[in-house]
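Undergrad: Supplied structure: target_32.txt, compact mmCIF, C-alpha atoms.
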```
# COMPACT_ATOMS: atom_id res chain seq x y z
CA GLY A 1 0.00 0.00 0.00
CA ASN A 2 2.80 2.44 0.78
CA LEU A 3 4.33 2.16 -2.67
CA GLY A 4 0.96 2.81 -4.30
CA ALA A 5 0.36 5.83 -2.07
CA ILE A 6 3.84 7.16 -2.89
CA ILE A 7 3.09 6.79 -6.60
CA ARG A 8 -0.21 8.69 -6.19
CA SER A 9 1.49 11.51 -4.30
CA ALA A 10 4.34 11.64 -6.81
CA TYR A 11 1.91 11.91 -9.72
CA ALA A 12 -0.12 14.60 -7.94
CA ALA A 13 3.06 16.59 -7.23
CA LYS A 14 4.21 16.38 -10.87
CA VAL A 15 7.23 14.18 -10.14
CA GLU A 16 9.03 13.21 -13.34
CA ALA A 17 10.09 9.69 -12.26
CA ILE A 18 10.43 7.33 -9.33
CA ILE A 19 13.60 5.30 -8.79
CA ILE A 20 13.39 2.31 -6.48
CA ASN A 21 16.52 0.76 -4.95
CA ASP A 22 16.68 -2.66 -3.28
CA LEU A 23 13.21 -3.61 -4.47
CA LYS A 24 11.44 -5.82 -1.94
CA THR A 25 7.99 -5.91 -3.53
CA ASP A 26 6.51 -6.57 -6.92
CA ILE A 27 5.67 -3.13 -8.26
CA TYR A 28 2.87 -4.68 -10.32
CA ASN A 29 1.31 -6.43 -7.33
CA PRO A 30 -2.48 -5.85 -7.43
CA ASN A 31 -2.28 -4.05 -4.07
CA VAL A 32 0.26 -1.57 -5.46
CA ILE A 33 -1.82 -0.99 -8.59
CA ARG A 34 -5.00 -0.54 -6.56
CA SER A 35 -3.44 1.81 -3.98
CA SER A 36 -1.86 3.84 -6.80
CA GLU A 37 -5.32 4.15 -8.40
CA GLY A 38 -3.72 2.98 -11.65
CA LEU A 39 -1.29 5.90 -11.73
CA ILE A 40 1.58 3.42 -11.72
CA PHE A 41 1.06 3.35 -15.49
CA LYS A 42 1.30 7.15 -15.81
CA ILE A 43 4.70 7.87 -14.21
CA PRO A 44 8.06 6.33 -15.14
CA ILE A 45 9.32 3.92 -12.48
CA VAL A 46 12.87 2.58 -12.61
CA VAL A 47 14.40 -0.17 -10.49
CA ALA A 48 18.13 0.33 -10.00
CA THR A 49 20.98 -0.31 -7.60
CA PHE A 50 22.16 2.34 -5.17
CA LYS A 51 25.30 2.97 -7.23
CA GLU A 52 23.35 3.27 -10.51
CA THR A 53 20.97 5.72 -8.89
CA GLU A 54 23.70 7.78 -7.25
CA ASN A 55 25.71 7.96 -10.50
CA PHE A 56 22.65 8.95 -12.54
CA LEU A 57 21.56 11.69 -10.12
CA LYS A 58 25.06 13.15 -9.90
CA LYS A 59 25.60 13.01 -13.65
CA GLN A 60 22.30 14.85 -14.15
CA GLN A 61 23.32 17.40 -11.46
CA ILE A 62 20.24 16.63 -9.40
CA ASN A 63 20.38 17.74 -5.77
CA ILE A 64 19.93 14.74 -3.47
CA TYR A 65 18.14 15.07 -0.13
CA ALA A 66 17.85 12.00 2.07
CA ALA A 67 15.27 11.99 4.85
CA ALA A 68 16.40 10.56 8.19
CA LEU A 69 15.43 10.96 11.82
CA ASN A 70 18.87 12.35 12.65
CA GLY A 71 18.90 14.77 9.73
CA ALA A 72 20.92 17.91 10.24
CA LYS A 73 18.56 20.30 8.45
CA VAL A 74 14.82 20.76 8.78
CA TYR A 75 13.27 20.10 5.38
CA THR A 76 11.60 23.54 5.13
CA SER A 77 14.95 25.34 5.47
CA LEU A 78 16.29 24.21 2.10
CA ASP A 79 15.67 25.26 -1.50
CA TYR A 80 14.06 22.67 -3.79
CA THR A 81 13.41 24.94 -6.77
CA SER A 82 16.11 23.31 -8.91
CA LYS A 83 16.40 19.64 -9.90
CA THR A 84 15.70 17.63 -6.75
CA ALA A 85 15.63 14.00 -5.68
CA PHE A 86 14.27 12.88 -2.33
CA VAL A 87 15.54 9.61 -0.90
CA LEU A 88 13.50 7.79 1.73
CA GLY A 89 14.14 4.44 3.32
CA SER A 90 11.82 1.65 4.26
CA GLU A 91 9.67 2.02 7.34
CA SER A 92 11.32 -0.93 9.04
CA ASP A 93 14.97 -0.14 8.25
CA GLY A 94 15.14 3.54 7.30
CA LEU A 95 17.81 4.71 4.89
CA SER A 96 20.46 2.26 3.83
CA SER A 97 24.01 2.84 5.00
CA ASP A 98 24.91 3.46 1.35
CA TRP A 99 22.76 6.60 1.33
CA LEU A 100 23.72 7.67 4.85
CA ASN A 101 27.42 7.44 3.97
CA SER A 102 27.16 9.10 0.57
CA ASP A 103 27.56 12.75 -0.32
CA VAL A 104 23.91 13.81 0.10
CA LYS A 105 22.13 16.35 2.26
CA ILE A 106 20.43 14.64 5.21
CA ILE A 107 17.14 16.31 6.09
CA LYS A 108 14.46 15.73 8.70
CA ILE A 109 10.79 16.37 9.22
CA PRO A 110 10.46 17.69 12.78
CA MET A 111 7.96 15.86 14.95
CA ARG A 112 6.63 15.83 18.48
CA PRO A 113 9.12 14.37 20.97
CA GLY A 114 8.68 10.64 21.41
CA MET A 115 7.64 10.02 17.80
CA ASP A 116 10.07 7.79 16.00
CA SER A 117 8.89 8.30 12.40
CA LEU A 118 6.10 9.05 9.98
CA ASN A 119 4.62 6.55 7.57
CA VAL A 120 6.96 6.53 4.55
CA SER A 121 4.20 7.50 2.13
CA VAL A 122 3.19 10.43 4.37
CA ALA A 123 6.80 11.60 4.72
CA THR A 124 7.20 11.39 0.94
CA ALA A 125 4.09 13.50 0.38
CA VAL A 126 5.25 16.13 2.89
CA LEU A 127 8.57 16.52 1.07
CA LEU A 128 7.11 16.46 -2.44
CA PHE A 129 4.53 19.11 -1.72
CA GLU A 130 7.07 21.35 0.02
CA ALA A 131 9.08 21.25 -3.21
CA GLN A 132 5.96 22.06 -5.20
CA ARG A 133 5.00 24.89 -2.82
CA GLN A 134 8.44 26.43 -3.34
CA ARG A 135 8.01 26.14 -7.10
CA GLY A 136 4.66 27.96 -7.03
CA PHE A 137 2.60 24.88 -7.84
CA VAL A 138 -1.10 25.61 -7.48
```
Could I get this structure in the form of structure tokens?

TA:
Amino acid sequence: GNLGAIIRSAYAAKVEAIIINDLKTDIYNPNVIRSSEGLIFKIPIVVATFKETENFLKKQQINIYAAALNGAKVYTSLDYTSKTAFVLGSESDGLSSDWLNSDVKIIKIPMRPGMDSLNVSVATAVLLFEAQRQRGFV
């Protein structure tokens, strides 16, 4: 369900593509298709390794922001008006050590003390729509 919800949010926020690393689910599972409301067929989705993704994003000069609980910067304090990629980890494991140890900006979504995380699809939507707000998306 989370992947489908992420796809729906990405489509609504005019995301150009979704890249999935370390795929652990069938992206064409009926639950994913249903929770995406069929939008899985309207947005490019690529499955790649961490290294392939990192190399592609850097070659394309896309700013990379990885969301983590221990992020140094609050997500609203940064500029997402140029080419931007958001990296989010799984709900159970968070970001992989590959992303945490790479040359990316680590950001956080501030929450009430005692909360350990947001649902990954909710966190994705928060970040995507902040980028769209900054870009004047109406």

Undergrad: At a cut-off of 8 Å, using all atoms listed in the file, what residues contact Ser117 in chain A? Leave out same-chain residues fewer than 2 positions from it and give the result as a ChimeraX atom specification.

TA: /A:69,115,119

Undergrad: Expressed in Å to a single decimal, how great is the separation between CA of Ile40 in chain A and CA of Val87 in chain A?

TA: 18.7 Å

Undergrad: Quick one: residues within 8 Å of range 89-101 of chain A, all atoms listed in the file counted, chain neighbours fewer than 2 positions away excluded, as a PyMOL selection string?

TA: chain A and resi 50+66-68+87+103-104+106+119-120

Undergrad: Would you please work out which residue, of A:Pro44, A:Gly114, A:Gly71, A:Gly38, is nearest to Glu16 in chain A when using all atoms listed in the file?

TA: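 Smallest separation from Glu16 in chain A among the options: A:Pro44.
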
Undergrad: Residues within 10 Å of Lys42 in chain A, please, as a PDB file with C-alpha atoms, in the frame of the given file. Count all atoms listed in the file; anything in the same chain fewer than 4 positions from it doesn't count.

TA:
```
ATOM      1  CA  ILE A   7       3.090   6.790  -6.600  1.00  0.00           C
ATOM      2  CA  ARG A   8      -0.210   8.690  -6.190  1.00  0.00           C
ATOM      3  CA  TYR A  11       1.910  11.910  -9.720  1.00  0.00           C
ATOM      4  CA  ALA A  17      10.090   9.690 -12.260  1.00  0.00           C
ATOM      5  CA  GLY A  38      -3.720   2.980 -11.650  1.00  0.00           C
TER       6      GLY A  38
END
```

Undergrad: Tell me, in Å to one decimal, how far CA of Thr49 in chain A is from CA of Leu3 in chain A.

TA: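 So the answer is 17.5 Å.
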
Undergrad: Using all atoms listed in the file, find the one residue out of A:Ser82, A:Ser102, A:Leu39, A:Ser77 that sits nearest to Asn55 in chain A.

TA: A:Ser102
